[in-house]
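Colleague: Pasting target_25.cif below, which is mmCIF, C-alpha atoms.
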```
data_start
loop_
_atom_site.group_PDB
_atom_site.id
_atom_site.type_symbol
_atom_site.label_atom_id
_atom_site.label_comp_id
_atom_site.auth_asym_id
_atom_site.auth_seq_id
_atom_site.Cartn_x
_atom_site.Cartn_y
_atom_site.Cartn_z
ATOM 1 C CA MET X 1 -36.261 -26.596 -8.101
ATOM 2 C CA ILE X 2 -34.977 -26.673 -4.496
ATOM 3 C CA LEU X 3 -31.370 -26.950 -5.687
ATOM 4 C CA LEU X 4 -31.926 -24.021 -8.057
ATOM 5 C CA LEU X 5 -33.322 -21.896 -5.224
ATOM 6 C CA ILE X 6 -30.351 -22.791 -3.018
ATOM 7 C CA PHE X 7 -27.975 -21.874 -5.835
ATOM 8 C CA PHE X 8 -29.576 -18.462 -6.340
ATOM 9 C CA ALA X 9 -29.672 -17.885 -2.582
ATOM 10 C CA LEU X 10 -25.928 -18.549 -2.428
ATOM 11 C CA ILE X 11 -25.300 -16.115 -5.264
ATOM 12 C CA VAL X 12 -27.309 -13.438 -3.451
ATOM 13 C CA LEU X 13 -25.374 -14.066 -0.232
ATOM 14 C CA VAL X 14 -22.015 -13.854 -2.044
ATOM 15 C CA ILE X 15 -22.978 -10.585 -3.754
ATOM 16 C CA PHE X 16 -24.183 -9.196 -0.430
ATOM 17 C CA TRP X 17 -20.938 -10.228 1.310
ATOM 18 C CA PHE X 18 -18.825 -8.671 -1.440
ATOM 19 C CA ASN X 19 -20.626 -5.337 -1.219
ATOM 20 C CA ILE X 20 -21.173 -4.699 2.490
ATOM 21 C CA PRO X 21 -18.521 -2.422 4.084
ATOM 22 C CA TYR X 22 -17.613 -4.925 6.814
ATOM 23 C CA SER X 23 -14.527 -7.093 6.401
ATOM 24 C CA PRO X 24 -12.818 -9.167 9.144
ATOM 25 C CA PHE X 25 -9.462 -8.286 7.577
ATOM 26 C CA LYS X 26 -10.173 -4.544 7.570
ATOM 27 C CA ASN X 27 -11.615 -4.768 11.057
ATOM 28 C CA GLN X 28 -8.276 -6.122 12.304
ATOM 29 C CA PHE X 29 -6.485 -3.202 10.636
ATOM 30 C CA LYS X 30 -8.825 -0.760 12.427
ATOM 31 C CA LYS X 31 -8.221 -2.453 15.794
ATOM 32 C CA ASP X 32 -4.443 -2.287 15.306
ATOM 33 C CA LEU X 33 -4.749 1.354 14.247
ATOM 34 C CA THR X 34 -6.761 2.282 17.349
ATOM 35 C CA LYS X 35 -4.253 0.591 19.639
ATOM 36 C CA GLN X 36 -1.261 2.362 18.090
ATOM 37 C CA ALA X 37 -3.096 5.723 18.006
ATOM 38 C CA GLN X 38 -3.752 5.537 21.736
ATOM 39 C CA LEU X 39 -0.066 4.919 22.436
ATOM 40 C CA SER X 40 0.950 7.758 20.137
ATOM 41 C CA GLU X 41 -1.511 10.259 21.608
ATOM 42 C CA LYS X 42 -0.193 9.533 25.115
ATOM 43 C CA PHE X 43 3.321 10.160 23.829
ATOM 44 C CA LEU X 44 2.320 13.533 22.331
ATOM 45 C CA ARG X 45 0.598 14.701 25.525
ATOM 46 C CA GLU X 46 4.013 14.557 27.187
ATOM 47 C CA ALA X 47 5.491 17.048 24.679
ATOM 48 C CA SER X 48 6.656 20.346 26.181
ATOM 49 C CA ASN X 49 4.725 22.597 23.774
ATOM 50 C CA ALA X 50 1.716 22.334 21.467
ATOM 51 C CA VAL X 51 3.232 23.859 18.319
ATOM 52 C CA TYR X 52 6.575 23.554 16.565
ATOM 53 C CA ALA X 53 9.176 26.254 17.109
ATOM 54 C CA LYS X 54 12.180 26.805 14.889
ATOM 55 C CA GLU X 55 14.425 25.931 17.825
ATOM 56 C CA ASP X 56 12.927 22.429 18.045
ATOM 57 C CA PHE X 57 14.810 21.417 14.889
ATOM 58 C CA GLU X 58 18.215 23.023 15.561
ATOM 59 C CA SER X 59 19.891 19.629 15.819
ATOM 60 C CA LEU X 60 18.783 18.644 12.289
ATOM 61 C CA PRO X 61 20.784 19.402 9.111
ATOM 62 C CA PRO X 62 20.257 22.943 7.725
ATOM 63 C CA LEU X 63 18.585 21.576 4.586
ATOM 64 C CA ILE X 64 15.877 19.811 6.610
ATOM 65 C CA GLN X 65 15.417 22.896 8.784
ATOM 66 C CA THR X 66 14.883 25.028 5.684
ATOM 67 C CA TYR X 67 12.493 22.464 4.223
ATOM 68 C CA LEU X 68 10.388 22.442 7.418
ATOM 69 C CA GLU X 69 10.306 26.225 7.607
ATOM 70 C CA GLU X 70 9.471 26.892 3.953
ATOM 71 C CA CYS X 71 6.797 24.166 3.856
ATOM 72 C CA GLY X 72 5.027 25.752 6.827
ATOM 73 C CA TYR X 73 5.644 23.298 9.654
ATOM 74 C CA ILE X 74 7.039 25.954 12.012
ATOM 75 C CA GLY X 75 4.158 27.221 14.135
ATOM 76 C CA SER X 76 1.912 24.306 13.183
ATOM 77 C CA LEU X 77 0.354 21.922 15.698
ATOM 78 C CA ARG X 78 2.544 19.059 16.826
ATOM 79 C CA LYS X 79 1.231 15.737 15.538
ATOM 80 C CA SER X 80 2.340 12.238 16.429
ATOM 81 C CA ILE X 81 0.472 10.571 13.552
ATOM 82 C CA LEU X 82 0.717 10.927 9.776
ATOM 83 C CA GLN X 83 -2.332 9.605 7.920
ATOM 84 C CA MET X 84 -2.367 9.763 4.128
ATOM 85 C CA GLU X 85 -5.344 8.707 2.029
ATOM 86 C CA TYR X 86 -5.346 7.817 -1.676
ATOM 87 C CA LYS X 87 -8.211 7.024 -4.038
ATOM 88 C CA LYS X 88 -8.084 5.039 -7.307
ATOM 89 C CA VAL X 89 -4.332 4.508 -7.308
ATOM 90 C CA ASP X 90 -2.728 2.691 -10.255
ATOM 91 C CA PHE X 91 -1.195 -0.310 -8.500
ATOM 92 C CA SER X 92 0.578 -3.435 -9.735
ATOM 93 C CA LEU X 93 1.561 -6.581 -7.831
ATOM 94 C CA GLY X 94 4.460 -7.140 -10.241
ATOM 95 C CA GLN X 95 5.942 -6.590 -13.675
ATOM 96 C CA ASN X 96 3.869 -7.830 -16.606
ATOM 97 C CA ARG X 97 0.795 -8.118 -14.384
ATOM 98 C CA PRO X 98 -2.482 -6.244 -14.808
ATOM 99 C CA LYS X 99 -2.838 -3.038 -12.823
ATOM 100 C CA LEU X 100 -5.499 -2.567 -10.189
ATOM 101 C CA LYS X 101 -7.301 0.548 -9.072
ATOM 102 C CA ILE X 102 -6.976 0.674 -5.302
ATOM 103 C CA ASP X 103 -7.892 2.868 -2.367
ATOM 104 C CA TYR X 104 -4.955 3.132 0.012
ATOM 105 C CA SER X 105 -4.757 4.244 3.651
ATOM 106 C CA GLN X 106 -1.314 4.701 5.198
ATOM 107 C CA VAL X 107 -0.551 5.655 8.809
ATOM 108 C CA ASP X 108 2.859 6.374 10.377
ATOM 109 C CA PHE X 109 3.523 6.995 14.064
ATOM 110 C CA ALA X 110 6.186 9.155 15.713
ATOM 111 C CA ASN X 111 6.566 7.585 19.145
ATOM 112 C CA ALA X 112 8.136 4.465 17.601
ATOM 113 C CA PRO X 113 8.794 3.219 14.058
ATOM 114 C CA VAL X 114 5.293 1.907 13.421
ATOM 115 C CA ARG X 115 3.554 1.889 10.050
ATOM 116 C CA LEU X 116 0.173 0.448 9.061
ATOM 117 C CA ALA X 117 -1.268 0.525 5.535
ATOM 118 C CA PHE X 118 -4.410 -0.949 4.000
ATOM 119 C CA ILE X 119 -5.314 -1.682 0.368
ATOM 120 C CA ASP X 120 -8.945 -1.935 -0.705
ATOM 121 C CA SER X 121 -9.693 -3.039 -4.268
ATOM 122 C CA LYS X 122 -11.392 -5.595 -6.502
ATOM 123 C CA MET X 123 -10.062 -8.240 -8.872
ATOM 124 C CA PHE X 124 -12.609 -9.187 -11.555
ATOM 125 C CA GLY X 125 -15.356 -7.905 -9.286
ATOM 126 C CA VAL X 126 -14.120 -9.865 -6.250
ATOM 127 C CA PRO X 127 -12.855 -7.861 -3.240
ATOM 128 C CA PHE X 128 -9.075 -7.867 -2.829
ATOM 129 C CA GLN X 129 -7.568 -6.418 0.338
ATOM 130 C CA GLY X 130 -3.982 -6.031 1.490
ATOM 131 C CA TYR X 131 -2.370 -5.083 4.789
ATOM 132 C CA ASP X 132 1.233 -3.860 5.159
ATOM 133 C CA TYR X 133 2.643 -3.335 8.634
ATOM 134 C CA PHE X 134 5.729 -2.618 10.697
ATOM 135 C CA VAL X 135 5.095 -3.030 14.424
ATOM 136 C CA ASN X 136 7.483 -3.859 17.273
ATOM 137 C CA GLY X 137 10.372 -4.294 14.852
ATOM 138 C CA LYS X 138 8.558 -6.757 12.593
ATOM 139 C CA GLY X 139 7.236 -6.112 9.092
ATOM 140 C CA GLY X 140 4.905 -8.064 6.893
ATOM 141 C CA MET X 141 2.446 -8.010 4.023
ATOM 142 C CA LYS X 142 -0.822 -9.925 3.831
ATOM 143 C CA GLY X 143 -3.388 -10.250 1.073
ATOM 144 C CA VAL X 144 -6.878 -11.748 1.037
ATOM 145 C CA LEU X 145 -9.439 -12.380 -1.694
ATOM 146 C CA ALA X 146 -13.204 -12.205 -1.169
ATOM 147 C CA LYS X 147 -12.516 -10.862 2.352
ATOM 148 C CA SER X 148 -11.769 -14.407 3.546
ATOM 149 C CA PHE X 149 -9.271 -16.373 1.448
ATOM 150 C CA GLN X 150 -5.623 -15.665 2.163
ATOM 151 C CA LEU X 151 -3.503 -15.158 -0.956
ATOM 152 C CA PHE X 152 -0.182 -14.459 0.761
ATOM 153 C CA ASP X 153 1.372 -13.677 4.140
ATOM 154 C CA GLN X 154 4.964 -12.558 3.749
ATOM 155 C CA THR X 155 7.236 -12.078 6.765
ATOM 156 C CA GLY X 156 10.934 -12.403 7.560
ATOM 157 C CA GLU X 157 14.078 -10.297 7.889
ATOM 158 C CA GLN X 158 13.832 -8.836 4.382
ATOM 159 C CA MET X 159 10.240 -7.764 4.992
ATOM 160 C CA ASP X 160 11.279 -6.225 8.335
ATOM 161 C CA LYS X 161 13.909 -4.094 6.633
ATOM 162 C CA ALA X 162 11.709 -3.169 3.664
ATOM 163 C CA ALA X 163 8.963 -1.961 5.988
ATOM 164 C CA LEU X 164 11.425 -0.006 8.135
ATOM 165 C CA VAL X 165 12.984 1.800 5.169
ATOM 166 C CA THR X 166 9.499 2.646 3.832
ATOM 167 C CA TYR X 167 8.733 4.239 7.197
ATOM 168 C CA LEU X 168 11.979 6.209 6.953
ATOM 169 C CA ALA X 169 10.990 7.509 3.510
ATOM 170 C CA GLU X 170 7.656 8.839 4.784
ATOM 171 C CA ILE X 171 8.555 10.500 8.090
ATOM 172 C CA ILE X 172 9.917 13.558 6.312
ATOM 173 C CA PHE X 173 6.219 14.558 6.418
ATOM 174 C CA LEU X 174 5.979 13.784 10.151
ATOM 175 C CA PRO X 175 8.319 16.252 11.890
ATOM 176 C CA GLU X 176 7.745 14.728 15.320
ATOM 177 C CA ALA X 177 9.394 11.514 14.128
ATOM 178 C CA LEU X 178 12.426 13.437 12.851
ATOM 179 C CA LEU X 179 13.150 14.470 16.450
ATOM 180 C CA GLN X 180 13.323 10.938 17.851
ATOM 181 C CA ASN X 181 16.557 9.198 18.804
ATOM 182 C CA PHE X 182 15.987 6.225 16.493
ATOM 183 C CA VAL X 183 16.796 8.393 13.441
ATOM 184 C CA SER X 184 19.932 10.341 12.489
ATOM 185 C CA PHE X 185 20.848 12.564 9.547
ATOM 186 C CA ASN X 186 23.891 13.695 7.608
ATOM 187 C CA GLN X 187 23.689 16.451 4.993
ATOM 188 C CA LEU X 188 25.665 15.375 1.920
ATOM 189 C CA ASP X 189 25.353 18.577 -0.122
ATOM 190 C CA SER X 190 22.903 21.409 -0.841
ATOM 191 C CA HIS X 191 20.272 19.018 -2.204
ATOM 192 C CA ARG X 192 20.736 15.714 -0.362
ATOM 193 C CA VAL X 193 20.445 14.454 3.204
ATOM 194 C CA GLU X 194 21.339 10.919 4.231
ATOM 195 C CA ALA X 195 18.909 9.431 6.765
ATOM 196 C CA ARG X 196 19.553 6.442 9.005
ATOM 197 C CA ILE X 197 17.209 4.541 11.278
ATOM 198 C CA GLU X 198 17.909 1.892 13.916
ATOM 199 C CA TYR X 199 15.277 0.065 15.920
ATOM 200 C CA LYS X 200 15.350 -3.198 17.858
ATOM 201 C CA GLY X 201 18.629 -4.200 16.206
ATOM 202 C CA LEU X 202 17.356 -3.474 12.693
ATOM 203 C CA LYS X 203 19.065 -0.798 10.577
ATOM 204 C CA ALA X 204 18.235 0.939 7.298
ATOM 205 C CA CYS X 205 19.271 4.053 5.408
ATOM 206 C CA GLY X 206 18.400 6.155 2.387
ATOM 207 C CA ILE X 207 18.734 9.643 0.933
ATOM 208 C CA TYR X 208 16.245 12.505 0.792
ATOM 209 C CA HIS X 209 16.619 14.550 -2.397
ATOM 210 C CA PHE X 210 15.437 18.180 -2.448
ATOM 211 C CA ASN X 211 14.899 20.627 -5.314
ATOM 212 C CA ASN X 212 15.814 24.319 -5.372
ATOM 213 C CA ALA X 213 12.495 25.168 -3.687
ATOM 214 C CA HIS X 214 13.551 22.928 -0.770
ATOM 215 C CA GLU X 215 10.786 20.412 -1.511
ATOM 216 C CA MET X 216 11.669 16.766 -0.891
ATOM 217 C CA ILE X 217 11.119 15.324 -4.366
ATOM 218 C CA TYR X 218 12.288 11.741 -3.859
ATOM 219 C CA PHE X 219 13.794 9.306 -1.402
ATOM 220 C CA SER X 220 16.230 6.705 -2.720
ATOM 221 C CA THR X 221 17.638 3.548 -1.184
ATOM 222 C CA ASP X 222 19.378 0.310 -2.113
ATOM 223 C CA GLU X 223 18.143 -1.383 1.052
ATOM 224 C CA ARG X 224 14.553 -2.243 0.200
ATOM 225 C CA GLY X 225 14.363 -5.759 -1.212
ATOM 226 C CA GLN X 226 11.527 -6.446 -3.638
ATOM 227 C CA THR X 227 9.387 -9.393 -2.548
ATOM 228 C CA SER X 228 7.222 -11.019 -5.204
ATOM 229 C CA SER X 229 3.975 -12.880 -4.500
ATOM 230 C CA ASP X 230 5.878 -16.209 -4.644
ATOM 231 C CA GLY X 231 8.236 -15.062 -1.868
ATOM 232 C CA CYS X 232 11.342 -14.414 -4.008
ATOM 233 C CA ILE X 233 13.403 -11.354 -3.024
ATOM 234 C CA GLU X 234 15.533 -9.133 -5.270
ATOM 235 C CA ASN X 235 17.729 -6.241 -4.172
ATOM 236 C CA ILE X 236 16.791 -3.445 -6.558
ATOM 237 C CA PRO X 237 17.204 0.322 -6.073
ATOM 238 C CA TRP X 238 13.925 1.889 -4.925
ATOM 239 C CA GLU X 239 12.553 5.414 -5.007
ATOM 240 C CA ALA X 240 9.612 7.133 -3.340
ATOM 241 C CA GLN X 241 8.855 10.056 -5.658
ATOM 242 C CA CYS X 242 6.885 13.114 -4.487
ATOM 243 C CA ARG X 243 5.419 15.538 -7.020
ATOM 244 C CA GLU X 244 3.175 18.598 -7.380
ATOM 245 C CA TYR X 245 3.549 20.279 -4.014
ATOM 246 C CA LYS X 246 0.531 22.358 -3.012
ATOM 247 C CA LEU X 247 -0.707 24.232 0.039
ATOM 248 C CA TYR X 248 -3.084 22.065 2.065
ATOM 249 C CA SER X 249 -6.023 23.432 4.038
ATOM 250 C CA ASP X 250 -3.926 23.531 7.239
ATOM 251 C CA GLY X 251 -1.374 25.871 5.614
ATOM 252 C CA ILE X 252 1.348 23.236 5.114
ATOM 253 C CA LYS X 253 2.862 22.604 1.698
ATOM 254 C CA ARG X 254 3.007 18.909 0.803
ATOM 255 C CA PRO X 255 3.123 16.761 -2.351
ATOM 256 C CA THR X 256 -0.169 15.753 -3.941
ATOM 257 C CA VAL X 257 1.260 12.943 -6.106
ATOM 258 C CA PHE X 258 3.271 9.972 -4.888
ATOM 259 C CA ARG X 259 4.950 7.214 -6.905
ATOM 260 C CA ALA X 260 6.822 4.124 -5.717
ATOM 261 C CA VAL X 261 9.380 2.970 -8.266
ATOM 262 C CA TRP X 262 11.718 0.021 -8.707
ATOM 263 C CA LYS X 263 14.796 1.179 -10.641
ATOM 264 C CA TYR X 264 15.622 -1.817 -12.834
ATOM 265 C CA PRO X 265 18.820 -1.571 -14.942
ATOM 266 C CA ASN X 266 16.870 -1.383 -18.202
ATOM 267 C CA GLN X 267 13.749 0.508 -17.070
ATOM 268 C CA ASP X 268 11.797 2.060 -14.224
ATOM 269 C CA PHE X 269 8.852 0.084 -12.916
ATOM 270 C CA ILE X 270 6.236 2.353 -11.298
ATOM 271 C CA TYR X 271 4.077 0.002 -9.258
ATOM 272 C CA PHE X 272 2.255 2.650 -7.197
ATOM 273 C CA ASP X 273 1.095 5.871 -8.863
ATOM 274 C CA GLY X 274 -1.465 7.859 -6.932
ATOM 275 C CA LYS X 275 -2.857 11.249 -6.087
ATOM 276 C CA ILE X 276 -3.048 12.010 -2.373
ATOM 277 C CA SER X 277 -6.640 12.818 -1.421
ATOM 278 C CA SER X 278 -5.915 13.969 2.143
ATOM 279 C CA VAL X 279 -3.232 14.183 4.835
ATOM 280 C CA ASN X 280 -4.450 14.025 8.427
ATOM 281 C CA GLY X 281 -7.872 14.968 7.117
ATOM 282 C CA GLU X 282 -6.519 18.072 5.345
ATOM 283 C CA THR X 283 -6.910 18.486 1.582
ATOM 284 C CA ALA X 284 -5.167 20.393 -1.205
ATOM 285 C CA PRO X 285 -6.904 22.381 -3.965
#
```
Please, can you express the file's structure as structure tokens?

Modeller:
Amino acid sequence: MILLLIFFALIVLVIFWFNIPYSPFKNQFKKDLTKQAQLSEKFLREASNAVYAKEDFESLPPLIQTYLEECGYIGSLRKSILQMEYKKVDFSLGQNRPKLKIDYSQVDFANAPVRLAFIDSKMFGVPFQGYDYFVNGKGGMKGVLAKSFQLFDQTGEQMDKAALVTYLAEIIFLPEALLQNFVSFNQLDSHRVEARIEYKGLKACGIYHFNNAHEMIYFSTDERGQTSSDGCIENIPWEAQCREYKLYSDGIKRPTVFRAVWKYPNQDFIYFDGKISSVNGETAP
């Protein structure tokens, strides 16, 4: 009888642990986020003006200038942080693996190439959490099960570059970052701009593709190696696809759907397919 009571008590404790909001892993993400936000806010306070003027972007290619103007960034408040939230994203850890429904928080900073992202989900009812990061020139990806048991912790040069090129793909929605000296641009034609980034000896590049409405509809690169859960790396073309642009509550036009795609020779593998729920706290209809 005592053993049975202990068994049921353990079950109750496990269920309680699985369902409370607190997680040591997520708590670390929040601490890292607070630290980087403080650095970024100090950087923004040193800016010469509070809102963007057309003249601020004169050094950028005409296509990017037109994109920023037509999407409503001119006259908007300067921001040093881009925070995008997703709910119930279709997410896969690899080909021929079951898909998860995840909540995803992604934060990019303008003062330096820094990106933090957190995955919150469940696998067969057990909490699964992931943490992607690029800080101080180093990238990595961690995953834990049941808030405590580490599934993977991937680091190395390929992860550094993959994280850096992901940051490059996303800063088109963070104009402050486009003005920094660690990025450079070259307009290829009326619909494409090549972007390059260099930081702490690490380099990456890709191409922004725009439609006739001057919306950035996808970013493509051959420099983002795919790392599987067993640590193997493949160099496969990658795209960050942006769809269904709408006017957000702050008056800026942004995409509301984002997909991350590996472009295999025989098929496209969409491993992240989600609807953006908010950007910097702003929502779209």

Colleague: Quick check on the file I pasted: which residues fall under the PyMOL selection byres ((chain X and resi 77) around 12)? Write them as a compact mmCIF listing (two decimals) with C-alpha atoms, keeping the file's coordinate frame.

Modeller:
```
# COMPACT_ATOMS: atom_id res chain seq x y z
CA LEU X 44 2.32 13.53 22.33
CA ALA X 47 5.49 17.05 24.68
CA ASN X 49 4.72 22.60 23.77
CA ALA X 50 1.72 22.33 21.47
CA VAL X 51 3.23 23.86 18.32
CA TYR X 52 6.58 23.55 16.57
CA ALA X 53 9.18 26.25 17.11
CA GLY X 72 5.03 25.75 6.83
CA TYR X 73 5.64 23.30 9.65
CA ILE X 74 7.04 25.95 12.01
CA GLY X 75 4.16 27.22 14.14
CA SER X 76 1.91 24.31 13.18
CA ARG X 78 2.54 19.06 16.83
CA LYS X 79 1.23 15.74 15.54
CA SER X 80 2.34 12.24 16.43
CA ILE X 81 0.47 10.57 13.55
CA LEU X 174 5.98 13.78 10.15
CA PRO X 175 8.32 16.25 11.89
CA GLU X 176 7.74 14.73 15.32
CA ASP X 250 -3.93 23.53 7.24
CA GLY X 251 -1.37 25.87 5.61
CA ILE X 252 1.35 23.24 5.11
CA ASN X 280 -4.45 14.02 8.43
```

Colleague: So, with all atoms listed in the file as the atoms that count, which of X:Gln180, X:Asn96, X:Asn111, X:Gln129 lies closest to Phe57 of chain X?

Modeller: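 Using all atoms listed in the file, Phe57 of chain X sits closest to X:Gln180.
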
Colleague: Contacts of Glu234 of chain X at 12 Å or less, counting all atoms listed in the file, minus same-chain residues fewer than 6 places along, as a PyMOL selection string?

Modeller: chain X and resi 158-159+162+222-228+262-264

Colleague: Would you kindly translate the PyMOL selection byres ((chain X and resi 178) around 12) into the concrete residues it picks from this file, as a PyMOL selection string?

Modeller: chain X and resi 56-61+64-65+68+79-80+109-113+167-177+179-185+195-197

Colleague: Keeping only C-alpha atoms, write the selected residues as a PDB file, keeping the file's coordinate frame.

Modeller:
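What ended up in part.pdb:
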```
ATOM      1  CA  ASP X  56      12.927  22.429  18.045  1.00  0.00           C
ATOM      2  CA  PHE X  57      14.810  21.417  14.889  1.00  0.00           C
ATOM      3  CA  GLU X  58      18.215  23.023  15.561  1.00  0.00           C
ATOM      4  CA  SER X  59      19.891  19.629  15.819  1.00  0.00           C
ATOM      5  CA  LEU X  60      18.783  18.644  12.289  1.00  0.00           C
ATOM      6  CA  PRO X  61      20.784  19.402   9.111  1.00  0.00           C
ATOM      7  CA  ILE X  64      15.877  19.811   6.610  1.00  0.00           C
ATOM      8  CA  GLN X  65      15.417  22.896   8.784  1.00  0.00           C
ATOM      9  CA  LEU X  68      10.388  22.442   7.418  1.00  0.00           C
ATOM     10  CA  LYS X  79       1.231  15.737  15.538  1.00  0.00           C
ATOM     11  CA  SER X  80       2.340  12.238  16.429  1.00  0.00           C
ATOM     12  CA  PHE X 109       3.523   6.995  14.064  1.00  0.00           C
ATOM     13  CA  ALA X 110       6.186   9.155  15.713  1.00  0.00           C
ATOM     14  CA  ASN X 111       6.566   7.585  19.145  1.00  0.00           C
ATOM     15  CA  ALA X 112       8.136   4.465  17.601  1.00  0.00           C
ATOM     16  CA  PRO X 113       8.794   3.219  14.058  1.00  0.00           C
ATOM     17  CA  TYR X 167       8.733   4.239   7.197  1.00  0.00           C
ATOM     18  CA  LEU X 168      11.979   6.209   6.953  1.00  0.00           C
ATOM     19  CA  ALA X 169      10.990   7.509   3.510  1.00  0.00           C
ATOM     20  CA  GLU X 170       7.656   8.839   4.784  1.00  0.00           C
ATOM     21  CA  ILE X 171       8.555  10.500   8.090  1.00  0.00           C
ATOM     22  CA  ILE X 172       9.917  13.558   6.312  1.00  0.00           C
ATOM     23  CA  PHE X 173       6.219  14.558   6.418  1.00  0.00           C
ATOM     24  CA  LEU X 174       5.979  13.784  10.151  1.00  0.00           C
ATOM     25  CA  PRO X 175       8.319  16.252  11.890  1.00  0.00           C
ATOM     26  CA  GLU X 176       7.745  14.728  15.320  1.00  0.00           C
ATOM     27  CA  ALA X 177       9.394  11.514  14.128  1.00  0.00           C
ATOM     28  CA  LEU X 179      13.150  14.470  16.450  1.00  0.00           C
ATOM     29  CA  GLN X 180      13.323  10.938  17.851  1.00  0.00           C
ATOM     30  CA  ASN X 181      16.557   9.198  18.804  1.00  0.00           C
ATOM     31  CA  PHE X 182      15.987   6.225  16.493  1.00  0.00           C
ATOM     32  CA  VAL X 183      16.796   8.393  13.441  1.00  0.00           C
ATOM     33  CA  SER X 184      19.932  10.341  12.489  1.00  0.00           C
ATOM     34  CA  PHE X 185      20.848  12.564   9.547  1.00  0.00           C
ATOM     35  CA  ALA X 195      18.909   9.431   6.765  1.00  0.00           C
ATOM     36  CA  ARG X 196      19.553   6.442   9.005  1.00  0.00           C
ATOM     37  CA  ILE X 197      17.209   4.541  11.278  1.00  0.00           C
TER      38      ILE X 197
END
```

Colleague: Taking only C-alpha atoms into account, which of X:Ile270, X:Ile217, X:Leu188, X:Val144 comes nearest Phe25 of chain X?

Modeller: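 Smallest separation from Phe25 of chain X among the options: X:Val144.
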
Colleague: Provide the atom CA of His209 of chain X to atom CA of Lys138 of chain X distance in Å, to one decimal place.

Modeller: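 Between atom CA of His209 of chain X and atom CA of Lys138 of chain X the gap is 27.3 Å.
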
Colleague: With only C-alpha atoms as the basis for distance, which of X:Gln187, X:Ser121, X:Asn27, X:Thr283 is at the shortest distance from Ile102 of chain X?

Modeller: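 Smallest separation from Ile102 of chain X among the options: X:Ser121.
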
Colleague: Selection in question (the file shown): the PyMOL selection byres ((chain X and resi 200) around 10). Which residues does it include, as a CSV table (one decimal) with C-alpha atoms, keeping the file's coordinate frame?

Modeller:
```csv
chain,number,residue,atom,x,y,z
X,113,PRO,CA,8.8,3.2,14.1
X,136,ASN,CA,7.5,-3.9,17.3
X,137,GLY,CA,10.4,-4.3,14.9
X,138,LYS,CA,8.6,-6.8,12.6
X,182,PHE,CA,16.0,6.2,16.5
X,198,GLU,CA,17.9,1.9,13.9
X,199,TYR,CA,15.3,0.1,15.9
X,201,GLY,CA,18.6,-4.2,16.2
X,202,LEU,CA,17.4,-3.5,12.7
X,203,LYS,CA,19.1,-0.8,10.6
```

Colleague: Just the number, please: distance in Å from atom CA of Phe152 of chain X to atom CA of Ser105 of chain X, one decimal.

Modeller: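 Taking atom CA of Phe152 of chain X and atom CA of Ser105 of chain X, their separation equals 19.5 Å.
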
Colleague: Just checking: using all atoms listed in the file, which residue out of X:Tyr131, X:Phe118, X:Phe91, X:Tyr245 ends up closest to Pro285 of chain X?

Modeller: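 Among the listed residues, X:Tyr245 lies closest to Pro285 of chain X.
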
Colleague: Tell me, in Å to one decimal, how far atom CA of Asp132 of chain X is from atom CA of Lys30 of chain X.

Modeller: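 Between atom CA of Asp132 of chain X and atom CA of Lys30 of chain X the gap is 12.8 Å.
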